[in-house]
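Trainee: Provided herewith: work-v6.cif, mmCIF, C-alpha atoms and all ligand atoms.
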data_entry
loop_
_atom_site.label_atom_id
_atom_site.label_comp_id
_atom_site.auth_asym_id
_atom_site.auth_seq_id
_atom_site.Cartn_x
_atom_site.Cartn_y
_atom_site.Cartn_z
CA MET A 1 0.00 0.00 0.00
CA SER A 2 1.36 3.41 -0.90
CA ALA A 3 1.18 6.24 1.63
CA SER A 4 -1.78 7.78 -0.23
CA ASP A 5 -3.97 4.67 -0.39
CA LEU A 6 -5.78 5.09 2.95
CA GLN A 7 -9.16 6.81 3.06
CA PRO A 8 -9.12 10.07 5.06
CA SER A 9 -10.67 9.87 8.54
CA LYS A 10 -11.10 12.11 11.58
CA LEU A 11 -7.83 10.73 13.01
CA GLY A 12 -6.10 12.71 10.28
CA THR A 13 -7.53 16.06 11.42
CA LYS A 14 -6.06 18.51 13.90
CA GLU A 15 -9.56 19.21 15.20
CA HIS A 16 -9.85 15.59 16.32
CA TRP A 17 -6.58 15.72 18.26
CA ASP A 18 -7.33 19.14 19.77
CA ASN A 19 -10.65 17.80 21.12
CA ALA A 20 -9.11 14.54 22.30
CA TYR A 21 -6.31 16.26 24.25
CA GLN A 22 -8.69 18.82 25.73
CA GLU A 23 -10.60 15.91 27.21
CA GLU A 24 -7.41 14.07 28.29
CA LEU A 25 -6.14 17.23 29.97
CA GLU A 26 -9.36 17.56 31.96
CA ASN A 27 -9.14 13.89 32.96
CA PHE A 28 -5.55 14.31 34.06
CA GLU A 29 -6.33 17.41 36.11
CA GLU A 30 -9.38 15.83 37.74
CA LEU A 31 -8.37 12.18 38.09
CA GLY A 32 -4.62 11.99 37.44
CA ASP A 33 -5.33 9.76 34.41
CA GLU A 34 -2.44 10.20 31.94
CA GLY A 35 -4.57 9.13 28.97
CA GLU A 36 -4.36 6.69 26.11
CA ILE A 37 -1.30 4.54 25.45
CA TRP A 38 -1.40 4.09 21.70
CA PHE A 39 -0.75 0.48 20.65
CA GLY A 40 -0.43 -0.54 24.33
CA SER A 41 2.35 -0.37 26.89
CA GLU A 42 4.16 -3.32 25.31
CA SER A 43 4.85 -1.19 22.23
CA VAL A 44 6.43 1.43 24.49
CA ASP A 45 8.59 -1.20 26.22
CA LYS A 46 9.73 -2.64 22.91
CA MET A 47 10.67 0.72 21.44
CA VAL A 48 12.55 1.61 24.64
CA ASP A 49 14.35 -1.75 24.51
CA TRP A 50 15.34 -1.10 20.90
CA ALA A 51 16.71 2.32 21.91
CA LEU A 52 18.62 0.84 24.86
CA GLU A 53 20.32 -1.61 22.50
CA HIS A 54 21.15 0.70 19.60
CA VAL A 55 21.25 4.25 21.01
CA PRO A 56 22.08 3.69 24.70
CA PRO A 57 21.88 6.38 27.43
CA SER A 58 25.68 6.17 27.81
CA SER A 59 26.03 7.87 24.38
CA ASN A 60 23.88 10.78 25.69
CA PRO A 61 21.78 10.81 22.51
CA SER A 62 19.46 13.60 21.42
CA ILE A 63 16.01 12.08 20.90
CA LEU A 64 12.97 13.65 19.24
CA GLU A 65 9.51 12.10 19.28
CA VAL A 66 7.31 13.20 16.40
CA GLY A 67 3.70 13.64 17.55
CA SER A 68 4.48 12.94 21.18
CA GLY A 69 0.87 13.15 22.45
CA ASN A 70 0.82 12.61 26.23
CA GLY A 71 4.56 11.87 26.23
CA THR A 72 4.35 8.21 27.31
CA LEU A 73 7.21 7.04 25.11
CA LEU A 74 9.57 9.79 26.28
CA PHE A 75 8.68 9.04 29.90
CA GLY A 76 9.56 5.40 29.19
CA LEU A 77 13.01 6.52 27.99
CA PHE A 78 13.41 8.76 31.03
CA ASP A 79 12.52 5.86 33.35
CA SER A 80 15.18 3.77 31.58
CA GLY A 81 17.97 6.22 32.29
CA TYR A 82 18.07 8.68 29.38
CA ASN A 83 19.13 12.22 30.16
CA PRO A 84 15.84 14.19 30.21
CA SER A 85 17.43 17.38 28.91
CA THR A 86 18.19 15.65 25.60
CA LEU A 87 14.63 14.33 25.14
CA HIS A 88 12.17 16.46 23.18
CA GLY A 89 8.60 15.90 22.05
CA ILE A 90 6.74 17.82 19.38
CA ASP A 91 3.05 17.80 18.63
CA TYR A 92 0.88 20.08 16.53
CA SER A 93 -1.91 20.00 19.10
CA PRO A 94 -1.37 22.57 21.87
CA GLY A 95 -3.44 20.43 24.29
CA ALA A 96 -0.97 17.56 23.85
CA VAL A 97 1.93 19.86 24.70
CA THR A 98 0.19 21.18 27.83
CA LEU A 99 -0.81 17.66 28.91
CA SER A 100 2.67 16.18 28.44
CA LYS A 101 4.27 19.09 30.31
CA GLU A 102 1.85 18.62 33.23
CA ILE A 103 2.51 14.88 33.33
CA ALA A 104 6.26 15.54 33.16
CA LYS A 105 5.97 17.80 36.21
CA SER A 106 4.04 15.16 38.14
CA ARG A 107 6.70 12.54 37.29
CA GLY A 108 9.68 14.72 38.20
CA ALA A 109 10.65 14.79 34.52
CA SER A 110 10.25 18.51 33.80
CA ALA A 111 13.65 18.60 32.12
CA ILE A 112 12.08 16.81 29.13
CA THR A 113 10.96 19.54 26.75
CA PHE A 114 7.80 19.58 24.66
CA SER A 115 6.81 22.10 22.03
CA GLU A 116 4.07 22.81 19.55
CA CYS A 117 5.22 22.08 16.01
CA ASN A 118 3.72 20.81 12.78
CA PHE A 119 6.29 18.24 11.74
CA LEU A 120 5.38 18.49 8.05
CA SER A 121 6.07 22.20 7.77
CA ASP A 122 8.12 23.50 10.72
CA ASP A 123 11.49 22.71 12.23
CA PRO A 124 11.27 21.88 15.94
CA GLN A 125 12.86 24.09 18.55
CA THR A 126 16.12 22.49 19.58
CA PRO A 127 16.69 22.29 23.34
CA GLN A 128 19.65 24.35 24.59
CA SER A 129 21.59 21.23 25.59
CA ILE A 130 21.90 19.97 22.01
CA ARG A 131 21.68 23.16 19.96
CA ARG A 132 24.26 23.61 17.21
CA GLU A 133 24.26 27.00 15.55
CA GLY A 134 22.57 27.00 12.14
CA GLN A 135 21.96 23.23 12.12
CA VAL A 136 18.64 21.38 12.15
CA ASP A 137 20.08 17.86 11.57
CA VAL A 138 21.07 17.44 15.20
CA TRP A 139 19.00 14.44 16.29
CA ASP A 140 20.54 11.04 16.99
CA LEU A 141 17.16 9.32 17.11
CA LEU A 142 13.71 10.23 15.81
CA LEU A 143 10.75 8.23 17.13
CA ASP A 144 7.25 7.83 15.76
CA LYS A 145 4.49 5.82 17.38
CA GLY A 146 1.19 6.29 15.56
CA THR A 147 1.88 9.73 14.10
CA TYR A 148 2.76 8.66 10.55
CA ASP A 149 -0.40 6.53 10.69
CA ALA A 150 -2.50 9.51 11.78
CA ILE A 151 -1.03 11.85 9.15
CA ALA A 152 -1.69 9.22 6.46
CA LEU A 153 -5.41 9.60 7.28
CA GLY A 154 -5.37 13.33 6.43
CA GLU A 155 -7.32 14.92 3.56
CA LYS A 156 -5.72 14.37 0.17
CA ASP A 157 -4.66 17.27 -2.05
CA GLU A 158 -6.11 17.93 -5.49
CA THR A 159 -3.68 15.43 -7.06
CA GLY A 160 -4.88 12.67 -4.69
CA HIS A 161 -1.79 12.66 -2.48
CA SER A 162 -1.99 12.27 1.28
CA PRO A 163 -0.08 14.91 3.31
CA VAL A 164 2.04 12.01 4.59
CA VAL A 165 4.03 11.82 1.34
CA GLY A 166 6.06 14.78 2.60
CA TYR A 167 6.96 12.98 5.84
CA PRO A 168 10.07 10.91 4.92
CA THR A 169 12.13 13.87 3.71
CA ARG A 170 11.34 15.73 6.95
CA VAL A 171 12.94 12.83 8.80
CA THR A 172 16.09 13.10 6.69
CA ARG A 173 16.24 16.84 7.27
CA LEU A 174 16.32 16.49 11.07
CA LEU A 175 18.49 13.40 11.57
CA ARG A 176 22.24 13.73 11.88
CA PRO A 177 24.19 11.55 9.41
CA GLY A 178 24.33 8.09 11.01
CA GLY A 179 21.27 8.86 13.16
CA TYR A 180 18.28 6.51 13.47
CA PHE A 181 14.56 6.71 12.81
CA LEU A 182 12.37 4.15 14.60
CA ILE A 183 8.72 4.00 13.59
CA THR A 184 5.83 1.90 14.90
CA SER A 185 2.81 1.69 12.64
CA CYS A 186 -0.42 -0.25 12.66
CA ASN A 187 -1.51 0.89 9.21
CA PHE A 188 1.54 -0.09 7.19
CA THR A 189 3.43 -3.35 6.97
CA GLU A 190 7.18 -3.55 7.34
CA ASP A 191 7.57 -3.85 3.58
CA GLU A 192 5.37 -0.80 3.02
CA LEU A 193 7.30 1.23 5.58
CA GLN A 194 10.52 0.20 3.91
CA SER A 195 9.37 1.22 0.45
CA ASN A 196 7.88 4.50 1.75
CA PHE A 197 11.01 5.54 3.67
CA GLU A 198 13.92 4.01 1.79
CA THR A 199 13.59 6.04 -1.40
CA GLU A 200 15.93 8.04 -3.62
CA ASP A 201 14.67 11.25 -1.94
CA THR A 202 15.80 10.14 1.51
CA ASP A 203 19.19 9.09 2.79
CA LEU A 204 17.56 6.38 4.88
CA VAL A 205 18.51 2.71 4.80
CA TYR A 206 16.77 -0.18 6.52
CA HIS A 207 18.46 -1.03 9.81
CA SER A 208 16.34 -3.45 11.89
CA ARG A 209 12.83 -4.37 13.02
CA ILE A 210 10.79 -5.18 16.13
CA GLN A 211 8.04 -7.79 16.19
CA HIS A 212 4.72 -6.80 17.84
CA PRO A 213 1.50 -8.60 18.74
CA THR A 214 -1.88 -7.25 17.52
CA PHE A 215 -3.56 -3.94 18.50
CA THR A 216 -6.55 -1.76 17.74
CA PHE A 217 -6.22 1.43 15.71
CA GLY A 218 -8.96 3.64 14.27
CA GLY A 219 -11.69 1.25 15.43
CA LYS A 220 -10.16 -1.74 13.58
CA SER A 221 -9.13 -4.51 15.91
CA GLY A 222 -6.70 -7.28 15.12
CA SER A 223 -4.51 -5.20 12.82
CA SER A 224 -0.91 -6.05 13.51
CA CYS A 225 1.71 -3.43 14.21
CA SER A 226 5.15 -3.22 12.76
CA SER A 227 8.22 -1.35 13.92
CA VAL A 228 11.05 -0.63 11.56
CA ALA A 229 14.28 1.26 12.17
CA PHE A 230 16.17 3.15 9.47
CA GLN A 231 19.59 4.74 9.60
CA LYS A 232 20.59 7.91 7.76
CA ARG A 233 23.62 7.41 5.58
CA THR A 234 26.83 9.01 6.73
CA ARG A 235 28.53 11.34 4.24
CA THR A 236 31.04 8.62 3.30
CA GLN A 237 28.43 5.88 2.63
C1 LIG B 301 -1.92 8.27 17.35
S1 LIG B 301 -1.40 9.70 18.23
C2 LIG B 301 0.12 9.10 18.93
C3 LIG B 301 0.63 9.93 20.07
C4 LIG B 301 1.93 9.42 20.71
N1 LIG B 301 2.97 9.24 19.73
C5 LIG B 301 1.70 8.12 21.45
O1 LIG B 301 2.16 7.08 20.98
O2 LIG B 301 1.03 8.16 22.48
C6 LIG B 301 -0.83 10.77 16.89
C7 LIG B 301 -0.25 12.09 17.37
O3 LIG B 301 0.29 12.80 16.26
C8 LIG B 301 0.00 14.17 16.41
N2 LIG B 301 0.12 14.76 15.06
C9 LIG B 301 -0.66 14.48 13.97
N3 LIG B 301 -0.23 15.18 12.90
C10 LIG B 301 0.86 15.90 13.31
C11 LIG B 301 1.73 16.81 12.66
N4 LIG B 301 1.59 17.13 11.36
N5 LIG B 301 2.75 17.36 13.37
C12 LIG B 301 2.92 17.05 14.69
N6 LIG B 301 2.09 16.21 15.36
C13 LIG B 301 1.08 15.63 14.69
C14 LIG B 301 -1.39 14.18 17.04
O4 LIG B 301 -1.71 15.40 17.66
C15 LIG B 301 -1.26 13.01 18.01
O5 LIG B 301 -0.75 13.43 19.25
#
Can you turn what I pasted into structure tokens?
Mentor:
Amino acid sequence: MSASDLQPSKLGTKEHWDNAYQEELENFEELGDEGEIWFGSESVDKMVDWALEHVPPSSNPSILEVGSGNGTLLFGLFDSGYNPSTLHGIDYSPGAVTLSKEIAKSRGASAITFSECNFLSDDPQTPQSIRREGQVDVWDLLLDKGTYDAIALGEKDETGHSPVVGYPTRVTRLLRPGGYFLITSCNFTEDELQSNFETEDTDLVYHSRIQHPTFTFGGKSGSSCSSVAFQKRTRTQ
């Protein structure tokens, strides 16, 4: 399936996410409920385990989560020993940013930074601890859990393309040469992810995979998730 083959749905609209996080924020403030864990906590554990093996805390990596929602994945990294000041989450929904900051405070993880950013069009703010003057390709690891899937459900343009077709080159723009991109998707198979990301427009090459059990996404149960990691070519490759 190409990135433009999915039918648009409300999960591909900013309005949906703004409403969802407004509600999650109220639930957190009233009940302390941190909200939905997309694809289940096992997916978080597996992505964290992958990071521990390939981009360990001892290398003090800079890590960006694209569409970080309530921040669960970044909190998982924090709990596993990553330096919080090098962890950053971006989300285009302001409610998600407020929610993840509040949860961070309650978990003693306020050094993790979160900011509002549309990944398809804007470069994220780079935290002070990893800023390099004039450079945007500063990240050692980019993470995506469910965001590529959500963007693929956005309204198509007049040529029939989903907004998600612009996603892979944004990854390349932000990763440092040799850096990794780890994505978990429940809408695309491993082969589809590989053909969507390993193209002549990106400098990404397949690196490794994680096996997952089955989850529910967009009301469809039993769809299986896949996680694939890519590495950006170094200048000499
Ligand atoms: C399925 S949720 C996953 C949230 C989080 N990654 C997790 O696993 O809990 C998709 C997230 O992507 C965000 N999102 C969708 N399109 C985006 C875009 N263009 N730029 C930044 N964030 C976006 C949504 O606001 C939402 O938080």
Trainee: Could you list, as a VMD selection string, all the residues within 7 Å of ligand LIG 301 (chain B), counting all atoms listed in the file?
Mentor: chain A and resid 12 14 17 36 to 38 66 to 73 90 to 93 96 117 to 120 144 to 147 150 to 151
Trainee: To one decimal place, how far is atom CA of A:Ile103 from atom CA of A:Glu65 in Å?
Mentor: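 Between these atoms lies a distance of 15.9 Å.
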Trainee: Please list, as a ChimeraX atom specification, the residues that have an atom at most 7 Å away from (20.2, 11.7, 19.6) in the coordinates of this file, counting all atoms listed in the file.
Mentor: /A:61-63,139-141
Trainee: Report the centre and edge lengths, in Å to one decimal, of an axis-aligned box enclosing every atom of stretch 156-168 of chain A listed in the file, padded by 4 Å on each side, as AutoDock Vina command-line options.
Mentor:
--center_x 2.0 --center_y 14.4 --center_z -0.6 --size_x 24.2 --size_y 15.0 --size_z 20.9
Trainee: Rank A:Leu175, A:Gly108, A:Ser85, A:Phe39 by their smallest atom-to-atom distance to A:Ser227, using all atoms listed in the file, and report the top residue only.
Mentor: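 Residue with the minimum atom-to-atom distance to A:Ser227: A:Phe39.
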Trainee: Once you count only C-alpha atoms, which residues end up no further than 8 Å from (19.0, 3.6, 18.8) in the file's frame, shown as a list in words?
Mentor: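 Returned residue set, sorted by chain then number, is Trp50, Ala51, Leu52, Glu53, His54, Val55, Pro56, Asp140, Leu141, Tyr180 and Leu182 of chain A.
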Trainee: Using only C-alpha atoms, which of A:Leu6, A:Leu99, A:Leu25, A:Leu143 sits nearest A:Phe188?
Mentor: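 With only C-alpha atoms as the atom set, the closest residue is A:Leu6.
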Trainee: May I ask which of the residues A:Lys46, A:Phe75, A:Thr113, A:Leu174 is the closest one to A:Gln135, counting all atoms listed in the file?
Mentor: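 Of A:Lys46, A:Phe75, A:Thr113, A:Leu174, the one nearest A:Gln135, counting all atoms listed in the file, is A:Leu174.
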Trainee: For A:Ala229, work out the shell of residues within 8 Å, counting all atoms listed in the file and skipping chain neighbours fewer than 6 positions away, then give it as a list in words.
Mentor: Tyr180, Phe181, Leu182, Ile183, Tyr206, His207, Ser208 and Arg209 of chain A
Trainee: Calculate how many Å separate atom CA of A:Leu11 from atom CA of A:Val171, rounding to one decimal.
Mentor: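 Between atom CA of A:Leu11 and atom CA of A:Val171 the gap is 21.3 Å.
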Trainee: Generate the coordinates of N, CA and C atoms for stretch 13-35 of chain A; report them as a PDB file, in the frame of the given file.
Mentor:
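Output file out23.pdb follows:
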ATOM      1  N   THR A  13      -7.245  14.619  11.294  1.00  0.00           N
ATOM      2  CA  THR A  13      -7.530  16.060  11.420  1.00  0.00           C
ATOM      3  C   THR A  13      -7.016  16.617  12.740  1.00  0.00           C
ATOM      4  N   LYS A  14      -6.557  17.849  12.686  1.00  0.00           N
ATOM      5  CA  LYS A  14      -6.060  18.510  13.900  1.00  0.00           C
ATOM      6  C   LYS A  14      -7.215  18.721  14.885  1.00  0.00           C
ATOM      7  N   GLU A  15      -8.385  18.994  14.336  1.00  0.00           N
ATOM      8  CA  GLU A  15      -9.560  19.210  15.200  1.00  0.00           C
ATOM      9  C   GLU A  15      -9.801  17.994  16.108  1.00  0.00           C
ATOM     10  N   HIS A  16      -9.661  16.812  15.526  1.00  0.00           N
ATOM     11  CA  HIS A  16      -9.850  15.590  16.320  1.00  0.00           C
ATOM     12  C   HIS A  16      -8.874  15.558  17.496  1.00  0.00           C
ATOM     13  N   TRP A  17      -7.594  15.810  17.212  1.00  0.00           N
ATOM     14  CA  TRP A  17      -6.580  15.720  18.260  1.00  0.00           C
ATOM     15  C   TRP A  17      -6.737  16.832  19.289  1.00  0.00           C
ATOM     16  N   ASP A  18      -7.115  18.036  18.813  1.00  0.00           N
ATOM     17  CA  ASP A  18      -7.330  19.140  19.770  1.00  0.00           C
ATOM     18  C   ASP A  18      -8.453  18.768  20.747  1.00  0.00           C
ATOM     19  N   ASN A  19      -9.537  18.196  20.235  1.00  0.00           N
ATOM     20  CA  ASN A  19     -10.650  17.800  21.120  1.00  0.00           C
ATOM     21  C   ASN A  19     -10.233  16.668  22.056  1.00  0.00           C
ATOM     22  N   ALA A  20      -9.508  15.696  21.493  1.00  0.00           N
ATOM     23  CA  ALA A  20      -9.110  14.540  22.300  1.00  0.00           C
ATOM     24  C   ALA A  20      -8.211  14.977  23.460  1.00  0.00           C
ATOM     25  N   TYR A  21      -7.243  15.865  23.180  1.00  0.00           N
ATOM     26  CA  TYR A  21      -6.310  16.260  24.250  1.00  0.00           C
ATOM     27  C   TYR A  21      -6.951  17.220  25.239  1.00  0.00           C
ATOM     28  N   GLN A  22      -7.950  17.976  24.786  1.00  0.00           N
ATOM     29  CA  GLN A  22      -8.690  18.820  25.730  1.00  0.00           C
ATOM     30  C   GLN A  22      -9.332  17.928  26.787  1.00  0.00           C
ATOM     31  N   GLU A  23      -9.937  16.851  26.302  1.00  0.00           N
ATOM     32  CA  GLU A  23     -10.600  15.910  27.210  1.00  0.00           C
ATOM     33  C   GLU A  23      -9.559  15.204  28.109  1.00  0.00           C
ATOM     34  N   GLU A  24      -8.443  14.781  27.508  1.00  0.00           N
ATOM     35  CA  GLU A  24      -7.410  14.070  28.290  1.00  0.00           C
ATOM     36  C   GLU A  24      -6.813  14.988  29.362  1.00  0.00           C
ATOM     37  N   LEU A  25      -6.688  16.262  29.014  1.00  0.00           N
ATOM     38  CA  LEU A  25      -6.140  17.230  29.970  1.00  0.00           C
ATOM     39  C   LEU A  25      -7.080  17.370  31.158  1.00  0.00           C
ATOM     40  N   GLU A  26      -8.375  17.455  30.862  1.00  0.00           N
ATOM     41  CA  GLU A  26      -9.360  17.560  31.960  1.00  0.00           C
ATOM     42  C   GLU A  26      -9.315  16.311  32.837  1.00  0.00           C
ATOM     43  N   ASN A  27      -9.217  15.139  32.190  1.00  0.00           N
ATOM     44  CA  ASN A  27      -9.140  13.890  32.960  1.00  0.00           C
ATOM     45  C   ASN A  27      -7.896  13.838  33.828  1.00  0.00           C
ATOM     46  N   PHE A  28      -6.793  14.333  33.276  1.00  0.00           N
ATOM     47  CA  PHE A  28      -5.550  14.310  34.060  1.00  0.00           C
ATOM     48  C   PHE A  28      -5.677  15.244  35.261  1.00  0.00           C
ATOM     49  N   GLU A  29      -6.224  16.440  35.002  1.00  0.00           N
ATOM     50  CA  GLU A  29      -6.330  17.410  36.110  1.00  0.00           C
ATOM     51  C   GLU A  29      -7.301  16.933  37.186  1.00  0.00           C
ATOM     52  N   GLU A  30      -8.386  16.276  36.757  1.00  0.00           N
ATOM     53  CA  GLU A  30      -9.380  15.830  37.740  1.00  0.00           C
ATOM     54  C   GLU A  30      -9.032  14.502  38.397  1.00  0.00           C
ATOM     55  N   LEU A  31      -8.518  13.564  37.595  1.00  0.00           N
ATOM     56  CA  LEU A  31      -8.370  12.180  38.090  1.00  0.00           C
ATOM     57  C   LEU A  31      -6.931  11.678  38.103  1.00  0.00           C
ATOM     58  N   GLY A  32      -6.011  12.446  37.517  1.00  0.00           N
ATOM     59  CA  GLY A  32      -4.620  11.990  37.440  1.00  0.00           C
ATOM     60  C   GLY A  32      -4.420  10.931  36.360  1.00  0.00           C
ATOM     61  N   ASP A  33      -5.421  10.757  35.487  1.00  0.00           N
ATOM     62  CA  ASP A  33      -5.330   9.760  34.410  1.00  0.00           C
ATOM     63  C   ASP A  33      -4.464  10.336  33.277  1.00  0.00           C
ATOM     64  N   GLU A  34      -3.383   9.656  32.944  1.00  0.00           N
ATOM     65  CA  GLU A  34      -2.440  10.200  31.940  1.00  0.00           C
ATOM     66  C   GLU A  34      -2.931  10.010  30.506  1.00  0.00           C
ATOM     67  N   GLY A  35      -3.992   9.246  30.307  1.00  0.00           N
ATOM     68  CA  GLY A  35      -4.570   9.130  28.970  1.00  0.00           C
ATOM     69  C   GLY A  35      -4.149   7.885  28.222  1.00  0.00           C
TER      70      GLY A  35
END
